[in-house]
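Have a look at upload_19.cif below; it lists mmCIF, C-alpha atoms.
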```
data_run
#
loop_
_atom_site.label_atom_id
_atom_site.label_comp_id
_atom_site.auth_asym_id
_atom_site.auth_seq_id
_atom_site.Cartn_x
_atom_site.Cartn_y
_atom_site.Cartn_z
CA MET U 153 13.48 13.42 -9.79
CA TRP U 154 11.76 14.17 -6.49
CA ARG U 155 12.94 17.79 -6.60
CA LEU U 156 11.50 18.10 -10.12
CA MET U 157 8.19 16.76 -8.82
CA LYS U 158 8.17 19.35 -6.04
CA GLN U 159 9.01 22.12 -8.51
CA THR U 160 6.19 20.98 -10.78
CA ILE U 161 3.74 21.26 -7.88
CA LEU U 162 4.97 24.83 -7.26
CA ASP U 163 4.83 25.70 -10.96
CA CYS U 164 1.18 24.62 -11.01
CA GLU U 165 0.61 27.09 -8.14
CA TYR U 166 -0.13 24.41 -5.57
CA THR U 167 1.40 24.05 -2.12
CA PRO U 168 3.58 20.93 -1.65
CA GLY U 169 2.36 18.81 1.24
CA VAL U 170 -0.93 20.70 1.44
CA ASP U 171 -2.54 20.50 -2.01
CA VAL U 172 -0.33 17.74 -3.43
CA ALA U 173 1.81 15.07 -1.76
CA ILE U 174 4.06 12.35 -3.14
CA ALA U 175 3.58 8.63 -2.47
CA LEU U 176 6.75 6.64 -3.18
CA ASP U 177 6.92 3.02 -4.31
CA PRO U 178 10.62 2.18 -4.84
CA ALA U 179 9.85 -1.56 -5.25
CA ALA U 180 13.04 -2.22 -3.28
CA SER U 181 12.69 -6.02 -3.45
CA GLU U 182 13.62 -5.79 -7.14
CA LEU U 183 16.72 -3.78 -6.26
CA GLU U 184 17.74 -6.23 -3.55
CA ASN U 185 17.15 -9.19 -5.87
CA ALA U 186 19.24 -7.49 -8.57
CA TYR U 187 22.14 -7.10 -6.16
CA ARG U 188 22.00 -10.77 -5.18
CA GLU U 189 21.72 -12.03 -8.76
CA GLU U 190 24.34 -9.78 -10.35
CA THR U 191 26.97 -10.09 -7.61
CA GLY U 192 26.40 -13.79 -6.95
CA GLN U 193 25.91 -13.06 -3.24
CA THR U 194 22.73 -15.11 -2.99
CA ASP U 195 22.43 -14.75 0.80
CA SER U 196 22.87 -10.98 0.82
CA VAL U 197 20.22 -8.97 2.70
CA GLY U 198 20.20 -5.18 2.99
CA MET U 199 22.18 -4.34 -0.16
CA TYR U 200 20.45 -2.72 -3.15
CA ARG U 201 21.48 -2.31 -6.79
CA PHE U 202 19.88 0.58 -8.69
CA TRP U 203 20.14 -0.89 -12.16
CA ARG U 204 18.00 1.14 -14.56
CA ASP U 205 20.84 3.59 -15.25
CA LYS U 206 23.83 2.24 -17.18
CA SER U 207 26.14 3.23 -14.31
CA LYS U 208 24.71 0.86 -11.73
CA VAL U 209 24.79 2.07 -8.13
CA ASP U 210 24.94 -0.13 -5.03
CA MET U 211 23.57 1.17 -1.72
CA SER U 212 23.30 -0.28 1.77
CA ARG U 213 20.10 -0.11 3.82
CA ASP U 214 21.58 2.82 5.77
CA GLU U 215 22.29 4.68 2.54
CA VAL U 216 18.78 4.02 1.24
CA LEU U 217 17.32 5.31 4.50
CA GLU U 218 19.51 8.40 4.24
CA LEU U 219 18.13 8.97 0.73
CA TYR U 220 14.58 9.06 2.12
CA ARG U 221 15.62 11.24 5.07
CA GLN U 222 17.42 13.75 2.85
CA ALA U 223 14.41 14.02 0.55
CA MET U 224 12.12 14.88 3.44
CA GLU U 225 14.61 17.35 4.90
CA ASP U 226 14.76 19.05 1.49
CA GLY U 227 11.02 19.62 1.69
CA ILE U 228 9.92 16.89 -0.70
CA PRO U 229 6.27 16.34 0.37
CA VAL U 230 6.53 12.58 0.96
CA LEU U 231 3.23 11.18 2.23
CA SER U 232 4.09 7.47 2.15
CA ILE U 233 6.78 4.95 1.25
CA GLU U 234 5.61 1.59 -0.07
CA ASP U 235 8.14 -1.26 -0.30
CA GLY U 236 10.91 1.05 0.86
CA PHE U 237 13.06 -1.99 1.67
CA GLY U 238 13.22 -5.55 0.36
CA GLU U 239 10.82 -8.19 1.58
CA LEU U 240 13.67 -10.05 3.30
CA ASP U 241 15.26 -6.95 4.84
CA HIS U 242 13.24 -6.86 8.07
CA ALA U 243 15.98 -4.83 9.76
CA GLY U 244 15.53 -2.14 7.11
CA TRP U 245 11.78 -1.95 7.70
CA LYS U 246 12.30 -1.58 11.46
CA LEU U 247 14.90 1.10 10.84
CA LEU U 248 12.47 2.99 8.61
CA MET U 249 9.76 2.77 11.28
CA HIS U 250 11.70 3.29 14.50
CA GLY U 251 15.19 4.45 13.60
CA ASP U 252 18.14 3.59 15.81
CA LYS U 253 18.63 5.62 19.01
CA GLU U 254 22.15 4.34 19.60
CA ARG U 255 23.24 5.64 16.19
CA ASN U 256 21.02 8.74 16.41
CA ILE U 257 18.95 7.66 13.40
CA GLU U 258 15.38 8.93 13.32
CA GLY U 259 12.41 6.72 12.35
CA PHE U 260 9.40 7.87 10.37
CA ARG U 261 6.43 5.92 11.78
CA ASP U 262 4.80 9.11 13.14
CA LYS U 263 5.49 11.18 10.02
CA ILE U 264 4.53 9.09 6.99
CA PHE U 265 2.66 5.95 6.03
CA ILE U 266 5.07 3.01 5.79
CA ILE U 267 3.26 0.55 3.55
CA GLY U 268 3.96 -3.17 3.17
CA ASP U 269 3.16 -4.78 -0.20
CA ASP U 270 5.72 -7.43 -1.21
CA LEU U 271 6.40 -7.73 2.51
CA VAL U 272 2.88 -8.94 3.39
CA THR U 273 1.22 -10.01 0.09
CA THR U 274 -2.33 -9.47 1.43
CA LYS U 275 -1.93 -12.45 3.76
CA ASP U 276 -3.25 -12.17 7.32
CA GLU U 277 -0.36 -14.17 8.85
CA ASN U 278 2.25 -11.93 7.22
CA ILE U 279 0.39 -8.77 8.20
CA GLU U 280 0.08 -9.92 11.81
CA LYS U 281 3.79 -10.74 12.08
CA CYS U 282 5.04 -7.54 10.44
CA ALA U 283 2.66 -5.31 12.40
CA LYS U 284 3.60 -7.04 15.67
CA ASP U 285 7.30 -6.67 14.88
CA GLY U 286 6.88 -2.96 14.19
CA GLU U 287 7.80 -3.06 10.50
CA ILE U 288 4.74 -1.30 9.03
CA ASN U 289 1.99 1.12 9.95
CA SER U 290 -0.01 0.56 6.75
CA THR U 291 -0.91 -2.36 4.50
CA LEU U 292 -1.44 -2.56 0.74
CA ILE U 293 -4.41 -4.76 -0.08
CA LYS U 294 -4.77 -6.55 -3.44
CA ALA U 295 -7.69 -8.96 -3.64
CA ASN U 296 -6.31 -11.02 -6.51
CA GLN U 297 -2.94 -11.25 -4.79
CA ILE U 298 -4.34 -13.55 -2.11
CA GLY U 299 -7.02 -15.11 -4.31
CA THR U 300 -10.41 -14.94 -2.56
CA LEU U 301 -12.60 -12.18 -1.18
CA SER U 302 -12.90 -13.93 2.20
CA GLU U 303 -9.11 -14.00 2.59
CA THR U 304 -8.92 -10.37 1.46
CA VAL U 305 -11.39 -9.24 4.12
CA LEU U 306 -9.57 -11.33 6.73
CA ALA U 307 -6.30 -9.61 5.79
CA MET U 308 -7.96 -6.20 6.04
CA LEU U 309 -9.48 -6.95 9.44
CA THR U 310 -6.13 -8.25 10.69
CA SER U 311 -4.43 -5.05 9.55
CA LEU U 312 -7.00 -2.89 11.31
CA ALA U 313 -6.78 -5.02 14.46
CA TYR U 314 -3.07 -4.18 14.71
CA GLY U 315 -3.58 -0.49 14.02
CA ALA U 316 -2.28 -0.53 10.45
CA ASP U 317 -4.11 1.61 7.89
CA LEU U 318 -5.46 0.14 4.66
CA ILE U 319 -4.65 1.13 1.08
CA VAL U 320 -6.59 -0.89 -1.49
CA SER U 321 -4.80 -1.36 -4.81
CA HIS U 322 -5.64 -2.64 -8.25
CA ARG U 323 -3.10 -4.72 -10.14
CA SER U 324 -1.79 -4.13 -13.65
CA LYS U 325 -4.34 -4.87 -16.38
CA SER U 326 -7.19 -5.32 -13.92
CA PRO U 327 -10.73 -5.62 -15.38
CA ASN U 328 -12.97 -2.71 -16.33
CA ASP U 329 -14.95 -2.74 -13.11
CA PRO U 330 -15.07 -0.72 -9.87
CA PHE U 331 -14.35 -3.62 -7.51
CA GLU U 332 -11.40 -1.99 -5.71
CA ALA U 333 -13.48 1.13 -5.14
CA GLU U 334 -16.24 -0.95 -3.57
CA ILE U 335 -14.05 -2.76 -1.02
CA ALA U 336 -11.94 0.34 -0.30
CA THR U 337 -14.96 2.40 0.69
CA ALA U 338 -16.77 -0.50 2.36
CA MET U 339 -13.80 -1.14 4.67
CA ASN U 340 -13.14 2.56 5.31
CA ALA U 341 -9.66 2.33 3.79
CA LEU U 342 -7.23 5.21 4.10
CA GLY U 343 -6.94 5.32 0.33
CA MET U 344 -7.13 3.56 -3.02
CA LYS U 345 -4.19 3.09 -5.37
CA ALA U 346 -5.18 2.80 -9.01
CA GLY U 347 -2.44 4.55 -10.95
CA GLY U 348 -2.83 7.21 -13.61
CA GLY U 349 -6.18 7.95 -15.17
CA ALA U 350 -5.23 7.15 -18.76
CA ASN U 351 -6.59 3.58 -18.65
CA THR U 352 -10.33 2.96 -18.70
CA GLU U 353 -10.26 0.38 -15.88
CA ARG U 354 -8.70 2.97 -13.57
CA LEU U 355 -11.25 5.63 -14.46
CA GLN U 356 -13.96 3.10 -13.54
CA LYS U 357 -12.54 2.85 -10.03
CA TYR U 358 -12.00 6.57 -9.48
CA GLY U 359 -15.47 7.36 -10.80
CA ARG U 360 -17.09 4.84 -8.49
CA VAL U 361 -15.35 6.31 -5.43
CA MET U 362 -16.76 9.74 -6.27
CA GLU U 363 -20.19 8.20 -6.79
CA ILE U 364 -20.11 6.39 -3.44
CA ILE U 365 -19.04 9.58 -1.63
CA ALA U 366 -21.97 11.46 -3.19
CA LEU U 367 -24.41 8.67 -2.25
CA ALA U 368 -23.04 8.53 1.30
CA LYS U 369 -23.50 12.27 1.76
CA ALA U 370 -27.09 12.06 0.53
CA SER U 371 -27.87 9.01 2.68
CA GLN U 372 -26.31 10.54 5.78
CA ARG U 373 -28.89 13.30 5.77
CA GLU U 374 -31.77 10.84 5.52
CA LEU U 375 -30.77 8.13 8.03
CA THR U 376 -32.71 7.90 11.28
CA GLN U 377 -31.00 6.86 14.51
CA ASP U 378 -32.78 3.46 14.43
CA ARG U 379 -31.57 2.83 10.90
CA ARG U 380 -27.97 3.73 11.83
CA GLU U 381 -28.04 1.27 14.74
CA GLU U 382 -29.46 -1.44 12.46
CA ILE U 383 -26.65 -0.92 9.93
CA GLU U 384 -24.00 -1.05 12.66
CA LYS U 385 -25.53 -4.27 14.03
CA ASN U 386 -25.52 -5.87 10.56
CA LEU U 387 -21.88 -4.89 10.02
CA LYS U 388 -20.83 -6.42 13.33
CA GLU U 389 -22.64 -9.66 12.48
CA LEU U 390 -20.93 -9.75 9.09
CA VAL U 391 -17.50 -9.31 10.66
CA CYS U 392 -18.21 -12.11 13.17
CA THR U 393 -19.32 -14.40 10.34
CA LEU U 394 -16.24 -13.71 8.22
CA THR U 395 -13.72 -14.01 11.05
CA GLY U 396 -15.38 -17.19 12.29
CA GLN U 397 -14.82 -19.05 9.02
CA SER U 398 -12.50 -22.01 9.32
CA ASP U 399 -12.75 -23.46 5.83
CA VAL U 400 -10.87 -20.85 3.77
CA GLN U 401 -8.92 -22.72 1.12
CA LEU U 402 -6.54 -21.79 -1.66
CA VAL U 403 -8.20 -22.14 -5.06
CA PRO U 404 -5.89 -22.45 -8.09
CA ALA U 405 -6.90 -20.28 -11.04
CA ALA U 406 -5.49 -18.58 -14.11
CA ALA U 407 -6.53 -15.60 -16.17
CA GLU U 408 -5.41 -14.34 -19.56
CA VAL U 409 -5.21 -10.57 -19.90
CA ASP U 410 -5.66 -8.81 -23.22
CA LEU U 411 -4.25 -5.40 -24.16
CA ALA U 412 -7.44 -3.58 -23.20
CA GLY U 413 -7.15 -4.73 -19.62
CA LEU U 414 -10.01 -7.19 -19.76
CA LEU U 415 -9.91 -10.62 -18.16
CA ILE U 416 -10.87 -13.36 -20.60
#
```
Show how you would write the structure in this file as structure tokens.
Amino acid sequence: MWRLMKQTILDCEYTPGVDVAIALDPAASELENAYREETGQTDSVGMYRFWRDKSKVDMSRDEVLELYRQAMEDGIPVLSIEDGFGELDHAGWKLLMHGDKERNIEGFRDKIFIIGDDLVTTKDENIEKCAKDGEINSTLIKANQIGTLSETVLAMLTSLAYGADLIVSHRSKSPNDPFEAEIATAMNALGMKAGGGANTERLQKYGRVMEIIALAKASQRELTQDRREEIEKNLKELVCTLTGQSDVQLVPAAAEVDLAGLLI
């Protein structure tokens, strides 16, 4: 599949890795869960069952890592791997980042973005632990995964504090609004993940990013030095206010999603 993607890039007369790159999201937690459930080995960590094909294939963490390594050696323009290992397989994440010198296995922390999603769930405590332990160099941010905007910003600041890049993501059937675009650009995120452009709610987000970039370019030409310093001062005060909050609480809520992607 990855080779077909590379060939498609070439057929469209683009250069792989220059004009177009590939961001992988294997959702490996599902594969690890499938192995545990279908084999009855409930305590298993680091084994993965690829189950979508009728001939199910089991792979160890080393074999999964070799799959990624082989793809990159074959010239597949991999930019990032999100959820490359299961959320319980911390050894796999460290292997992906740092490799294993004793076994002559190379890590990829300096070559690609290794993004935690299921691993960190937009929670500052999880991000801090995984970044400290050297499991990720990037964090996926989903505001409605953690529940409040204050907690989302706290998670983003924590990620940046530990040198992990930010990728802001929508979630399936999100509303028709540009919210993810707003926080992605406001926090200077590395990127925004909003899927294909067939759905109207995704087009809202992509369109808003382009609009903000155009506005920023126009404003940049008009800002005086005094105004720049004032904006920087206000941003610093905002960060201090948010990080100084001590009353962040979990708020239970529920939302029904219709087929058009609107929250009711």
Just want the 8 Å neighbourhood of region 274-282 of chain U, counted on all atoms listed in the file, with same-chain residues fewer than 3 positions away dropped. Output as a PDB file with C-alpha atoms, keeping the file's coordinate frame.
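See selection-v7.pdb below for the written result:
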```
ATOM      1  CA  ASP U 269       3.160  -4.780  -0.200  1.00  0.00           C
ATOM      2  CA  LEU U 271       6.400  -7.730   2.510  1.00  0.00           C
ATOM      3  CA  ASP U 285       7.300  -6.670  14.880  1.00  0.00           C
ATOM      4  CA  GLY U 286       6.880  -2.960  14.190  1.00  0.00           C
ATOM      5  CA  GLU U 287       7.800  -3.060  10.500  1.00  0.00           C
ATOM      6  CA  ILE U 288       4.740  -1.300   9.030  1.00  0.00           C
ATOM      7  CA  THR U 291      -0.910  -2.360   4.500  1.00  0.00           C
ATOM      8  CA  LEU U 292      -1.440  -2.560   0.740  1.00  0.00           C
ATOM      9  CA  ILE U 293      -4.410  -4.760  -0.080  1.00  0.00           C
ATOM     10  CA  LYS U 294      -4.770  -6.550  -3.440  1.00  0.00           C
ATOM     11  CA  ALA U 295      -7.690  -8.960  -3.640  1.00  0.00           C
ATOM     12  CA  GLN U 297      -2.940 -11.250  -4.790  1.00  0.00           C
ATOM     13  CA  ILE U 298      -4.340 -13.550  -2.110  1.00  0.00           C
ATOM     14  CA  GLU U 303      -9.110 -14.000   2.590  1.00  0.00           C
ATOM     15  CA  THR U 304      -8.920 -10.370   1.460  1.00  0.00           C
ATOM     16  CA  LEU U 306      -9.570 -11.330   6.730  1.00  0.00           C
ATOM     17  CA  ALA U 307      -6.300  -9.610   5.790  1.00  0.00           C
ATOM     18  CA  MET U 308      -7.960  -6.200   6.040  1.00  0.00           C
ATOM     19  CA  THR U 310      -6.130  -8.250  10.690  1.00  0.00           C
ATOM     20  CA  SER U 311      -4.430  -5.050   9.550  1.00  0.00           C
ATOM     21  CA  TYR U 314      -3.070  -4.180  14.710  1.00  0.00           C
TER      22      TYR U 314
END
```
Open item on the list: Let me make sure I understand: among U:Gly198, U:Gly343, U:Pro178, U:Pro330, which one has the smallest atom-to-atom distance to Lys357 (chain U) if we use all atoms listed in the file?
Closed with: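 For Lys357 (chain U), the nearest of the candidates is U:Pro330.
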Task: Result set, the PyMOL selection byres ((chain U and resi 206-220) around 9) on current file, as a list in words - done: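 With the PyMOL selection byres ((chain U and resi 206-220) around 9) on this model, the match is Tyr187, Val197, Gly198, Met199, Tyr200, Arg201, Phe202, Trp203, Arg204, Asp205, Arg221, Gln222, Ala223, Met224, Glu225, Val230, Ile233, Gly236, Phe237, Asp241, Ala243, Gly244, Leu247 and Leu248 of chain U.
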TODO: Taking the file above as input, evaluate the PyMOL selection byres ((chain U and resi 322) around 7) and report the hits as a ChimeraX atom specification.
DONE: /U:294,321,323-324,326,332,345-346
Open item on the list: When you look at region 155-172 of chain U with a cut-off of 9 Å (counting all atoms listed in the file), what residues show up, excluding the ones that are within fewer than 3 positions of it in the same chain? I need them as an MDAnalysis selection string.
Closed with: chainID U and resid 223 226:231
- [ ] Using only C-alpha atoms, find the one residue out of U:Ala180, U:Ile383, U:Ala368, U:Leu318 that sits nearest to Phe265 (chain U).
- [x]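 Closest candidate: U:Leu318.
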Task: Shortest interatomic distance to Val361 (chain U) - which of U:Arg255, U:Ser302, U:Ile335, U:Asp235, counting all atoms listed in the file - done: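 Smallest separation from Val361 (chain U) among the options: U:Ile335.
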Open item on the list: Report, in Å to a single decimal, how far apart CA of Glu334 (chain U) and CA of Asp378 (chain U) are.
Closed with: 24.8 Å
- [ ] Please indicate the distance in Å from CA of Glu374 (chain U) to CA of Tyr358 (chain U), rounded to one decimal place.
- [x]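 CA of Tyr358 (chain U) lies 25.2 Å from CA of Glu374 (chain U).
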TODO: Between U:Arg379, U:Arg261, U:Arg354, U:Lys385, single out the one closest to Ala316 (chain U), counting all atoms listed in the file.
DONE: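 Answer, going by the shortest atom-to-atom distance: U:Arg261.
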Task: Å distance separating CA of Ile319 (chain U) from CA of Ala186 (chain U), one decimal place - done: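 Spanning CA of Ile319 (chain U) to CA of Ala186 (chain U) is a straight-line distance of 27.2 Å.
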Could the centre and edge lengths of an axis-aligned box, enclosing all atoms of region 321-329 of chain U in the file with 5 Å extra on each side, be given in Å to one decimal as AutoDock Vina command-line options?
```
--center_x -8.4 --center_y -3.5 --center_z -10.6 --size_x 23.2 --size_y 14.3 --size_z 21.6
```
Task: Cut-off 8 Å around (4.6, 8.5, -3.8) with all atoms listed in the file: residues as a PyMOL selection string - done: chain U and resi 173-177+230-234
Give me region 265-285 of chain U with N, CA and C atoms filled in, as a PDB file, in the frame of the given file.
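After the write, rebuild.pdb holds the following:
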```
ATOM      1  N   PHE U 265       3.208   7.301   6.083  1.00  0.00           N
ATOM      2  CA  PHE U 265       2.660   5.950   6.030  1.00  0.00           C
ATOM      3  C   PHE U 265       3.721   5.019   5.449  1.00  0.00           C
ATOM      4  N   ILE U 266       4.073   3.997   6.206  1.00  0.00           N
ATOM      5  CA  ILE U 266       5.070   3.010   5.790  1.00  0.00           C
ATOM      6  C   ILE U 266       4.298   1.749   5.405  1.00  0.00           C
ATOM      7  N   ILE U 267       4.223   1.506   4.104  1.00  0.00           N
ATOM      8  CA  ILE U 267       3.260   0.550   3.550  1.00  0.00           C
ATOM      9  C   ILE U 267       3.958  -0.736   3.112  1.00  0.00           C
ATOM     10  N   GLY U 268       3.450  -1.869   3.586  1.00  0.00           N
ATOM     11  CA  GLY U 268       3.960  -3.170   3.170  1.00  0.00           C
ATOM     12  C   GLY U 268       3.136  -3.725   2.017  1.00  0.00           C
ATOM     13  N   ASP U 269       3.816  -4.132   0.938  1.00  0.00           N
ATOM     14  CA  ASP U 269       3.160  -4.780  -0.200  1.00  0.00           C
ATOM     15  C   ASP U 269       3.807  -6.146  -0.419  1.00  0.00           C
ATOM     16  N   ASP U 270       4.980  -6.166  -1.054  1.00  0.00           N
ATOM     17  CA  ASP U 270       5.720  -7.430  -1.210  1.00  0.00           C
ATOM     18  C   ASP U 270       5.990  -8.076   0.142  1.00  0.00           C
ATOM     19  N   LEU U 271       6.102  -7.249   1.159  1.00  0.00           N
ATOM     20  CA  LEU U 271       6.400  -7.730   2.510  1.00  0.00           C
ATOM     21  C   LEU U 271       5.288  -8.591   3.073  1.00  0.00           C
ATOM     22  N   VAL U 272       4.019  -8.258   2.747  1.00  0.00           N
ATOM     23  CA  VAL U 272       2.880  -8.940   3.390  1.00  0.00           C
ATOM     24  C   VAL U 272       1.978  -9.691   2.424  1.00  0.00           C
ATOM     25  N   THR U 273       1.979  -9.319   1.147  1.00  0.00           N
ATOM     26  CA  THR U 273       1.220 -10.010   0.090  1.00  0.00           C
ATOM     27  C   THR U 273      -0.237 -10.309   0.455  1.00  0.00           C
ATOM     28  N   THR U 274      -0.905  -9.358   1.090  1.00  0.00           N
ATOM     29  CA  THR U 274      -2.330  -9.470   1.430  1.00  0.00           C
ATOM     30  C   THR U 274      -2.647 -10.753   2.195  1.00  0.00           C
ATOM     31  N   LYS U 275      -1.741 -11.211   2.995  1.00  0.00           N
ATOM     32  CA  LYS U 275      -1.930 -12.450   3.760  1.00  0.00           C
ATOM     33  C   LYS U 275      -1.976 -12.119   5.243  1.00  0.00           C
ATOM     34  N   ASP U 276      -3.028 -12.566   5.924  1.00  0.00           N
ATOM     35  CA  ASP U 276      -3.250 -12.170   7.320  1.00  0.00           C
ATOM     36  C   ASP U 276      -2.074 -12.564   8.222  1.00  0.00           C
ATOM     37  N   GLU U 277      -1.483 -13.727   8.008  1.00  0.00           N
ATOM     38  CA  GLU U 277      -0.360 -14.170   8.850  1.00  0.00           C
ATOM     39  C   GLU U 277       0.836 -13.223   8.693  1.00  0.00           C
ATOM     40  N   ASN U 278       1.130 -12.835   7.463  1.00  0.00           N
ATOM     41  CA  ASN U 278       2.250 -11.930   7.220  1.00  0.00           C
ATOM     42  C   ASN U 278       1.989 -10.551   7.823  1.00  0.00           C
ATOM     43  N   ILE U 279       0.757 -10.077   7.656  1.00  0.00           N
ATOM     44  CA  ILE U 279       0.390  -8.770   8.200  1.00  0.00           C
ATOM     45  C   ILE U 279       0.522  -8.774   9.714  1.00  0.00           C
ATOM     46  N   GLU U 280       0.017  -9.816  10.348  1.00  0.00           N
ATOM     47  CA  GLU U 280       0.080  -9.920  11.810  1.00  0.00           C
ATOM     48  C   GLU U 280       1.535  -9.885  12.293  1.00  0.00           C
ATOM     49  N   LYS U 281       2.383 -10.669  11.644  1.00  0.00           N
ATOM     50  CA  LYS U 281       3.790 -10.740  12.080  1.00  0.00           C
ATOM     51  C   LYS U 281       4.496  -9.400  11.901  1.00  0.00           C
ATOM     52  N   CYS U 282       4.326  -8.786  10.732  1.00  0.00           N
ATOM     53  CA  CYS U 282       5.040  -7.540  10.440  1.00  0.00           C
ATOM     54  C   CYS U 282       4.521  -6.381  11.287  1.00  0.00           C
ATOM     55  N   ALA U 283       3.215  -6.361  11.547  1.00  0.00           N
ATOM     56  CA  ALA U 283       2.660  -5.310  12.400  1.00  0.00           C
ATOM     57  C   ALA U 283       3.125  -5.500  13.843  1.00  0.00           C
ATOM     58  N   LYS U 284       3.119  -6.749  14.310  1.00  0.00           N
ATOM     59  CA  LYS U 284       3.600  -7.040  15.670  1.00  0.00           C
ATOM     60  C   LYS U 284       5.065  -6.669  15.845  1.00  0.00           C
ATOM     61  N   ASP U 285       5.863  -6.931  14.804  1.00  0.00           N
ATOM     62  CA  ASP U 285       7.300  -6.670  14.880  1.00  0.00           C
ATOM     63  C   ASP U 285       7.645  -5.209  14.642  1.00  0.00           C
TER      64      ASP U 285
END
```
